[in-house]
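A.B. asks: The structure is given below, and queries will be raised subsequently.
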Amino acid sequence: MFSLHWLDLFGTIVFAISGALTAGRKRLDLFGVLMIAAVTAVGGGTVRDVLLSRYPIFWFMDNTYLWLSVAAGIATMLYTRFFRPPRTSLVIADALGLSTLTVINASIAISYGLSPVILVIMTALSSVAGGLIRDILCAEIPMILQRDIYITAVCAGAIVYLVLRHLGLHEILYNTITMITVMGLRVAAIYWDWH
Amino acid sequence: MFSLHWLDLFGTIVFAISGALTAGRKRLDLFGVLMIAAVTAVGGGTVRDVLLSRYPIFWFMDNTYLWLSVAAGIATMLYTRFFRPPRTSLVIADALGLSTLTVINASIAISYGLSPVILVIMTALSSVAGGLIRDILCAEIPMILQRDIYITAVCAGAIVYLVLRHLGLHEILYNTITMITVMGLRVAAIYWDWH
Amino acid sequence: MFSLHWLDLFGTIVFAISGALTAGRKRLDLFGVLMIAAVTAVGGGTVRDVLLSRYPIFWFMDNTYLWLSVAAGIATMLYTRFFRPPRTSLVIADALGLSTLTVINASIAISYGLSPVILVIMTALSSVAGGLIRDILCAEIPMILQRDIYITAVCAGAIVYLVLRHLGLHEILYNTITMITVMGLRVAAIYWDWH
């Protein structure tokens with residue numbers, strides 16, 4: 001049904017767009033916007049790789065990540081010059097991006113044989129770090145503080161991933177259910193304004 | 001009289017509580033508070049381990065640190081639901097936590113054969129980094145900017161540690177005197193409002 | 001004409017001064033100012049070394065960097081106690097410091113055989129990270145958000161470096177032209193208030 005690599009590239013594009021949109025509202029120039037887009041897109045995975053001493057860091061080995069970020073950044077800047085940013089679709093895209101990051105970070109963390117509590121914290125940290133770095137660089141209130149059920153959605157996803165995998169489900173099943181968990185919690189939180 | 005490992009666990013609990021208290025004042029939900037508690041508790045040591053290339057990072061090897069942080073976070077949330085946070089005792093606990101971190105970080109830094117100036121800066125950085133990350137994630141003014149004699153207390157402790165150890169004192173003695181130095185400077189700064 | 005090592009030490013001093021000046025405007029005490037000065041001076045290179053897994057980190061191997069930072073921090077504090085900080089010369093010094101960092105970070109990144117897009121992003125990131133850390137620790141609006149043509153100047157410098165080196169120019173030539181590019185863009189941006 002889907003491969004982790006395509007999910008990863010999709011998440012990269014989504015977060016690069018969110019970085020470019022946040023940076024575009026500031027006084028940053030072209031390269032500034034592109035750097036923030038790239039840092040947002042690869043920031044979480046970079047924190048993960050540094051903490052796991054997983055060298056070379058993923059975006060040094062495969063420059064697709066940076067090219068995608070730069071392309072997404074340029075496309076975002078061109079788009080917002082002529083149209084309004086599509087707020088609703090973006091919030092959905094952000095939720096989808098977060099759910100792909102959760103699956104990817106959980107699958108990498110589990111390959112290191114980490115115990116459950118470490119795995120959940122690592123997955124949460126790596127999945128929200130990109131957005132956090134974006135908000136800190138742009139002097140915005142971190143989104144984890146603004147939006148309800150953000151870190152909880154990722155933690156719930158990581159726990160679901162862990163349990164279903166432990167129960168011996170097929171990879172496609174536990175990946176999909178994890179994504180639906182994160183996505184569902186985020187979307188529910190946004191639409192019903194949960195607390 | 002005391003072992004470094006117990007000191008370390010004590011410091012972990014104190015900083016997890018301070019993280020949970022800071023995060024609890026924000027709109028963060030349960031897992032958000034627990035993640036901030038964990039990041040505050042292990043953040044400084046993580047910066048230290050990454051800078052020293054000391055892998056695997058301490059909390060990957062021994063999940064006591066994260067369990068303690070999570071437990072301290074939950075206990076803090078339950079406590080503050082029914083009682084007021086004990087401000088004065090917390091400031092004392094924070095000073096005690098900072099003094100234990102100073103001893104632990106200095107003892108690790110010295111085992112890498114770093115020269116004095118590097119050791120003092122590394123000790124200061126690793127000891128205040130957890131609190132800094134907490135304040136940045138929670139969008140608070142960093143405590144190092146708010147409280148007088150904070151970094152100075154850690155630096156003074158690191159210098160005392162270095163000198164006494166060089167003079168050949170017994171480990172228990174130089175550890176204790178270092179802790180008293182940091183603790184004393186912090187408490188004095190708080191009570192007499194030193195500048 | 002010049003050696004990269006001297007350039008590096010010059011950049012260290014300039015950024016230590018900018019860190020000490022920023023920290024000095026806050027309530028930080030002596031050691032606080034010195035720690036911010038040191039972190040500003042070595043922060044960008046530290047991020048670079050961690051991302052490249054280039055251990056031991058440069059300032060652990062050669063304590064000249066920290067001693068210079070501490071000395072520059074003390075000198076800055078003494079100077080500002082009696083005189084006004086020289087704003088204009090500082091802005092020029094900052095542009096010069098940024099241009100030296102660009103050359104040094106590009107030359108290190110290129111020795112790792114990184115592809116062009118990675119090299120440009122890494123150079124930009126490592127060159128602005130020290131100032132970013134300074135602004136975050138001091139709770140200032142990051143300078144990259146305040147000043148036009150900041151990240152762009154570094155990226156332009158990295159691209160010029162890459163192209164001229166690829167064309168086979170002599171090291172002194174491509175280093176000098178890279179520096180002039182960064183410096184020129186920054187100074188032009190400051191004086192003509194470019195957008």
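Residues are named by chain letter and number: chains run A, B, ... in the order of the structure tokens, numbers start at 1 in each chain, and ligands are numbered from 1 in the order shown.
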Set the distance at 9 Å and use only C-alpha atoms: which residues neighbour Thr46 of chain B once local chain neighbours fewer than 5 positions away are removed? I'd like the list as a ChimeraX atom specification.
C.D. replies: /A:51 /B:51,57-59,126,129-130
A.B. asks: Can you pull out the residues contacting segment 68-73 of chain B? Cut-off 6 Å, using only C-alpha atoms, and skip same-chain residues under 2 positions away; I want them as a ChimeraX atom specification.
C.D. replies: /B:13,16-17,20,34,37-38,64-66,75-76
A.B. asks: Next, dump the selected residues to file, keeping only N, CA, C and O atoms, as a compact mmCIF listing (two decimals), in the first residue's frame.
C.D. replies:
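So out_15.txt came out as:
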# COMPACT_ATOMS: atom_id res chain seq x y z
N ILE B 13 14.93 14.00 39.19
CA ILE B 13 13.59 14.21 39.73
C ILE B 13 13.31 15.71 39.90
O ILE B 13 12.26 16.21 39.50
N ALA B 16 12.78 17.29 36.53
CA ALA B 16 11.52 16.85 35.94
C ALA B 16 10.35 17.61 36.59
O ALA B 16 9.41 18.04 35.91
N ILE B 17 10.40 17.78 37.90
CA ILE B 17 9.35 18.54 38.60
C ILE B 17 9.30 19.97 38.08
O ILE B 17 8.23 20.51 37.77
N ALA B 20 7.73 19.97 34.70
CA ALA B 20 6.29 19.74 34.76
C ALA B 20 5.55 20.97 35.27
O ALA B 20 4.46 21.31 34.80
N LEU B 34 4.53 15.73 30.26
CA LEU B 34 5.50 14.67 30.55
C LEU B 34 6.72 14.79 29.64
O LEU B 34 7.85 14.56 30.08
N ALA B 37 8.79 17.59 30.97
CA ALA B 37 9.44 17.14 32.21
C ALA B 37 10.67 16.30 31.87
O ALA B 37 11.75 16.51 32.43
N ALA B 38 10.51 15.36 30.94
CA ALA B 38 11.62 14.47 30.57
C ALA B 38 12.76 15.25 29.92
O ALA B 38 13.93 15.06 30.25
N THR B 64 15.87 4.16 33.73
CA THR B 64 15.46 4.73 35.02
C THR B 64 15.22 6.24 34.90
O THR B 64 14.29 6.78 35.49
N TYR B 65 16.09 6.92 34.12
CA TYR B 65 15.99 8.37 34.02
C TYR B 65 14.63 8.80 33.48
O TYR B 65 13.98 9.68 34.02
N LEU B 66 14.20 8.15 32.39
CA LEU B 66 12.92 8.55 31.80
C LEU B 66 11.75 8.13 32.67
O LEU B 66 10.78 8.88 32.84
N ALA B 75 3.29 12.83 39.23
CA ALA B 75 3.11 13.22 40.63
C ALA B 75 2.92 14.73 40.76
O ALA B 75 2.07 15.22 41.51
N THR B 76 3.70 15.49 39.97
CA THR B 76 3.59 16.95 40.02
C THR B 76 2.22 17.41 39.54
O THR B 76 1.60 18.31 40.16
A.B. asks: If you count only C-alpha atoms, which residues fall within 12 Å of Gly184 of chain C, apart from same-chain ones fewer than 2 positions away, as a ChimeraX atom specification?
C.D. replies: /C:92,95-96,98-99,149-150,152-154,156-157,176-182,186-192
A.B. asks: Rounded to one decimal place, report the atom CA of Ala93 of chain B-atom CA of Met183 of chain B distance in Å.
C.D. replies: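 Answer for the atom CA of Ala93 of chain B to atom CA of Met183 of chain B separation: 9.6 Å.
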A.B. asks: At a cut-off of 8 Å, which residues of chain A touch chain C? Count only C-alpha atoms and give the answer as an mmCIF file with all heavy atoms, in the first residue's frame.
C.D. replies:
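Now in result20.cif:
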data_model
loop_
_atom_site.group_PDB
_atom_site.id
_atom_site.type_symbol
_atom_site.label_atom_id
_atom_site.label_comp_id
_atom_site.auth_asym_id
_atom_site.auth_seq_id
_atom_site.Cartn_x
_atom_site.Cartn_y
_atom_site.Cartn_z
ATOM 1 N N LYS A 26 7.559 36.565 8.010
ATOM 2 C CA LYS A 26 8.554 37.416 8.648
ATOM 3 C C LYS A 26 9.284 38.213 7.574
ATOM 4 O O LYS A 26 8.971 38.114 6.397
ATOM 5 C CB LYS A 26 9.539 36.534 9.427
ATOM 6 C CG LYS A 26 8.878 35.625 10.432
ATOM 7 C CD LYS A 26 8.455 36.399 11.650
ATOM 8 C CE LYS A 26 7.618 35.534 12.584
ATOM 9 N NZ LYS A 26 7.319 36.229 13.824
ATOM 10 N N ARG A 27 10.294 38.977 8.012
ATOM 11 C CA ARG A 27 11.019 39.820 7.059
ATOM 12 C C ARG A 27 12.113 39.071 6.301
ATOM 13 O O ARG A 27 12.958 39.680 5.661
ATOM 14 C CB ARG A 27 11.643 41.010 7.786
ATOM 15 C CG ARG A 27 10.654 42.150 8.051
ATOM 16 C CD ARG A 27 11.353 43.314 8.722
ATOM 17 N NE ARG A 27 12.386 43.902 7.881
ATOM 18 C CZ ARG A 27 13.411 44.601 8.324
ATOM 19 N NH1 ARG A 27 13.558 44.794 9.606
ATOM 20 N NH2 ARG A 27 14.305 45.091 7.499
ATOM 21 N N LEU A 28 12.102 37.733 6.380
ATOM 22 C CA LEU A 28 13.167 36.957 5.758
ATOM 23 C C LEU A 28 13.166 37.068 4.234
ATOM 24 O O LEU A 28 12.110 37.104 3.611
ATOM 25 C CB LEU A 28 13.015 35.489 6.145
ATOM 26 C CG LEU A 28 13.533 35.148 7.538
ATOM 27 C CD1 LEU A 28 12.942 33.839 8.001
ATOM 28 C CD2 LEU A 28 15.038 35.078 7.526
ATOM 29 N N ASP A 29 14.361 37.068 3.656
ATOM 30 C CA ASP A 29 14.467 37.092 2.199
ATOM 31 C C ASP A 29 14.483 35.666 1.640
ATOM 32 O O ASP A 29 14.354 34.693 2.378
ATOM 33 C CB ASP A 29 15.722 37.867 1.778
ATOM 34 C CG ASP A 29 16.934 37.361 2.500
ATOM 35 O OD1 ASP A 29 16.945 36.183 2.885
ATOM 36 O OD2 ASP A 29 17.875 38.139 2.709
ATOM 37 N N LEU A 30 14.640 35.563 0.313
ATOM 38 C CA LEU A 30 14.541 34.271 -0.374
ATOM 39 C C LEU A 30 15.318 33.150 0.311
ATOM 40 O O LEU A 30 14.746 32.133 0.698
ATOM 41 C CB LEU A 30 15.020 34.419 -1.829
ATOM 42 C CG LEU A 30 15.082 33.098 -2.608
ATOM 43 C CD1 LEU A 30 13.693 32.536 -2.826
ATOM 44 C CD2 LEU A 30 15.801 33.279 -3.933
ATOM 45 N N PHE A 31 16.638 33.328 0.471
ATOM 46 C CA PHE A 31 17.441 32.250 1.033
ATOM 47 C C PHE A 31 17.086 31.986 2.493
ATOM 48 O O PHE A 31 17.191 30.868 2.970
ATOM 49 C CB PHE A 31 18.941 32.559 0.898
ATOM 50 C CG PHE A 31 19.466 32.294 -0.477
ATOM 51 C CD1 PHE A 31 19.623 33.318 -1.391
ATOM 52 C CD2 PHE A 31 19.791 30.996 -0.857
ATOM 53 C CE1 PHE A 31 20.103 33.060 -2.666
ATOM 54 C CE2 PHE A 31 20.276 30.730 -2.119
ATOM 55 C CZ PHE A 31 20.439 31.772 -3.028
ATOM 56 N N GLY A 32 16.673 33.030 3.199
ATOM 57 C CA GLY A 32 16.227 32.854 4.585
ATOM 58 C C GLY A 32 15.024 31.921 4.644
ATOM 59 O O GLY A 32 14.984 30.996 5.440
ATOM 60 N N MET A 35 16.124 28.402 3.839
ATOM 61 C CA MET A 35 16.842 27.736 4.933
ATOM 62 C C MET A 35 15.869 27.294 6.023
ATOM 63 O O MET A 35 15.968 26.186 6.541
ATOM 64 C CB MET A 35 17.954 28.593 5.514
ATOM 65 C CG MET A 35 18.941 27.706 6.305
ATOM 66 S SD MET A 35 20.260 28.629 7.141
ATOM 67 C CE MET A 35 19.431 29.041 8.683
ATOM 68 N N THR A 46 17.092 15.161 12.116
ATOM 69 C CA THR A 46 18.471 15.461 12.482
ATOM 70 C C THR A 46 18.675 15.265 13.979
ATOM 71 O O THR A 46 19.657 14.655 14.414
ATOM 72 C CB THR A 46 18.814 16.913 12.082
ATOM 73 O OG1 THR A 46 18.549 17.064 10.690
ATOM 74 C CG2 THR A 46 20.248 17.239 12.380
ATOM 75 N N VAL A 50 21.246 12.558 15.557
ATOM 76 C CA VAL A 50 22.321 12.960 16.477
ATOM 77 C C VAL A 50 22.173 12.194 17.798
ATOM 78 O O VAL A 50 23.141 11.650 18.327
ATOM 79 C CB VAL A 50 22.299 14.485 16.712
ATOM 80 C CG1 VAL A 50 23.182 14.866 17.887
ATOM 81 C CG2 VAL A 50 22.747 15.226 15.456
ATOM 82 N N TYR A 55 25.107 8.203 12.138
ATOM 83 C CA TYR A 55 25.833 9.011 11.154
ATOM 84 C C TYR A 55 26.134 8.199 9.910
ATOM 85 O O TYR A 55 26.304 6.990 10.018
ATOM 86 C CB TYR A 55 27.124 9.530 11.779
ATOM 87 C CG TYR A 55 26.898 10.597 12.819
ATOM 88 C CD1 TYR A 55 27.065 10.327 14.176
ATOM 89 C CD2 TYR A 55 26.500 11.875 12.439
ATOM 90 C CE1 TYR A 55 26.848 11.314 15.128
ATOM 91 C CE2 TYR A 55 26.295 12.860 13.394
ATOM 92 C CZ TYR A 55 26.466 12.589 14.727
ATOM 93 O OH TYR A 55 26.265 13.562 15.658
ATOM 94 N N PRO A 56 26.290 8.800 8.723
ATOM 95 C CA PRO A 56 25.983 10.213 8.463
ATOM 96 C C PRO A 56 24.485 10.482 8.561
ATOM 97 O O PRO A 56 23.678 9.626 8.223
ATOM 98 C CB PRO A 56 26.475 10.445 7.037
ATOM 99 C CG PRO A 56 26.846 9.126 6.471
ATOM 100 C CD PRO A 56 26.805 8.110 7.540
ATOM 101 N N ILE A 57 24.159 11.690 9.016
ATOM 102 C CA ILE A 57 22.774 12.129 9.143
ATOM 103 C C ILE A 57 22.050 11.953 7.806
ATOM 104 O O ILE A 57 22.635 12.167 6.752
ATOM 105 C CB ILE A 57 22.785 13.596 9.630
ATOM 106 C CG1 ILE A 57 23.168 13.593 11.121
ATOM 107 C CG2 ILE A 57 21.456 14.282 9.387
ATOM 108 C CD1 ILE A 57 23.421 14.933 11.700
ATOM 109 N N TRP A 59 20.104 13.358 5.703
ATOM 110 C CA TRP A 59 20.084 14.267 4.552
ATOM 111 C C TRP A 59 21.480 14.524 3.973
ATOM 112 O O TRP A 59 21.610 15.172 2.939
ATOM 113 C CB TRP A 59 19.356 15.565 4.863
ATOM 114 C CG TRP A 59 19.771 16.305 6.097
ATOM 115 C CD1 TRP A 59 19.325 16.082 7.369
ATOM 116 C CD2 TRP A 59 20.689 17.406 6.189
ATOM 117 N NE1 TRP A 59 19.919 16.976 8.239
ATOM 118 C CE2 TRP A 59 20.743 17.795 7.549
ATOM 119 C CE3 TRP A 59 21.460 18.097 5.247
ATOM 120 C CZ2 TRP A 59 21.549 18.841 7.993
ATOM 121 C CZ3 TRP A 59 22.264 19.149 5.695
ATOM 122 C CH2 TRP A 59 22.296 19.510 7.057
ATOM 123 N N PHE A 60 22.538 13.998 4.622
ATOM 124 C CA PHE A 60 23.865 14.057 4.007
ATOM 125 C C PHE A 60 24.040 12.930 3.002
ATOM 126 O O PHE A 60 24.849 13.016 2.091
ATOM 127 C CB PHE A 60 24.968 13.910 5.070
ATOM 128 C CG PHE A 60 25.179 15.122 5.895
ATOM 129 C CD1 PHE A 60 24.552 15.260 7.115
ATOM 130 C CD2 PHE A 60 25.992 16.154 5.451
ATOM 131 C CE1 PHE A 60 24.743 16.389 7.888
ATOM 132 C CE2 PHE A 60 26.183 17.287 6.221
ATOM 133 C CZ PHE A 60 25.549 17.406 7.439
ATOM 134 N N ASN A 63 20.605 13.630 -1.060
ATOM 135 C CA ASN A 63 20.249 15.052 -1.120
ATOM 136 C C ASN A 63 18.840 15.318 -1.663
ATOM 137 O O ASN A 63 18.435 16.472 -1.814
ATOM 138 C CB ASN A 63 21.319 15.895 -1.825
ATOM 139 C CG ASN A 63 21.550 15.457 -3.258
ATOM 140 O OD1 ASN A 63 20.662 14.903 -3.890
ATOM 141 N ND2 ASN A 63 22.740 15.709 -3.757
ATOM 142 N N LEU A 66 16.949 17.704 0.780
ATOM 143 C CA LEU A 66 17.164 19.152 0.686
ATOM 144 C C LEU A 66 16.598 19.723 -0.612
ATOM 145 O O LEU A 66 16.006 20.799 -0.600
ATOM 146 C CB LEU A 66 18.642 19.494 0.832
ATOM 147 C CG LEU A 66 19.187 19.386 2.262
ATOM 148 C CD1 LEU A 66 20.578 19.980 2.331
ATOM 149 C CD2 LEU A 66 18.290 20.091 3.267
ATOM 150 N N TRP A 67 16.775 18.998 -1.722
ATOM 151 C CA TRP A 67 16.214 19.502 -2.975
ATOM 152 C C TRP A 67 14.696 19.626 -2.880
ATOM 153 O O TRP A 67 14.115 20.615 -3.334
ATOM 154 C CB TRP A 67 16.593 18.600 -4.161
ATOM 155 C CG TRP A 67 17.962 18.869 -4.697
ATOM 156 C CD1 TRP A 67 19.013 18.002 -4.760
ATOM 157 C CD2 TRP A 67 18.442 20.117 -5.233
ATOM 158 N NE1 TRP A 67 20.116 18.626 -5.296
ATOM 159 C CE2 TRP A 67 19.795 19.917 -5.601
ATOM 160 C CE3 TRP A 67 17.865 21.374 -5.443
ATOM 161 C CZ2 TRP A 67 20.573 20.938 -6.161
ATOM 162 C CZ3 TRP A 67 18.633 22.389 -5.985
ATOM 163 C CH2 TRP A 67 19.969 22.174 -6.339
ATOM 164 N N ILE A 136 11.004 28.407 16.906
ATOM 165 C CA ILE A 136 12.030 29.121 17.664
ATOM 166 C C ILE A 136 12.790 30.075 16.734
ATOM 167 O O ILE A 136 12.993 31.241 17.063
ATOM 168 C CB ILE A 136 12.983 28.130 18.361
ATOM 169 C CG1 ILE A 136 12.232 27.387 19.475
ATOM 170 C CG2 ILE A 136 14.202 28.843 18.925
ATOM 171 C CD1 ILE A 136 12.952 26.174 20.009
ATOM 172 N N LEU A 137 13.182 29.584 15.553
ATOM 173 C CA LEU A 137 13.923 30.448 14.611
ATOM 174 C C LEU A 137 13.080 31.630 14.159
ATOM 175 O O LEU A 137 13.600 32.711 13.911
ATOM 176 C CB LEU A 137 14.358 29.656 13.375
ATOM 177 C CG LEU A 137 15.366 28.531 13.584
ATOM 178 C CD1 LEU A 137 15.876 28.024 12.251
ATOM 179 C CD2 LEU A 137 16.536 29.001 14.432
ATOM 180 N N CYS A 138 11.771 31.430 14.037
ATOM 181 C CA CYS A 138 10.899 32.504 13.566
ATOM 182 C C CYS A 138 10.300 33.310 14.721
ATOM 183 O O CYS A 138 9.436 34.161 14.496
ATOM 184 C CB CYS A 138 9.784 31.935 12.699
ATOM 185 S SG CYS A 138 10.406 31.256 11.151
ATOM 186 N N ALA A 139 10.771 33.046 15.958
ATOM 187 C CA ALA A 139 10.282 33.767 17.138
ATOM 188 C C ALA A 139 8.760 33.693 17.265
ATOM 189 O O ALA A 139 8.095 34.679 17.585
ATOM 190 C CB ALA A 139 10.770 35.221 17.118
#
A.B. asks: Atom CA of Val33 of chain C and atom CA of Val128 of chain B, how far apart in Å?
C.D. replies: 13.9 Å
A.B. asks: Would you mind listing what lies within 9 Å of Phe10 of chain C as a ChimeraX atom specification, with only C-alpha atoms counted and same-chain residues fewer than 5 positions away left out?
C.D. replies: /C:5,15,96-97,100
A.B. asks: Select, from A:Thr12, A:Thr102, A:Ser3, A:Ser111, the residue with the minimum atom-to-atom distance to Ala41 of chain A, counting only C-alpha atoms.
C.D. replies: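 Among the listed residues, A:Thr12 lies closest to Ala41 of chain A.
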A.B. asks: Interatomic distance between atom CA of Ser127 of chain C and atom CA of Leu101 of chain C?
C.D. replies: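 The value is 5.5 Å.
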A.B. asks: Just checking: using only C-alpha atoms, which residue out of A:Val163, A:Ala23, A:Met61, A:Ile110 ends up closest to Ile36 of chain A?
C.D. replies: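 Checking each of A:Val163, A:Ala23, A:Met61, A:Ile110 against Ile36 of chain A, counting only C-alpha atoms, the winner is A:Ala23.
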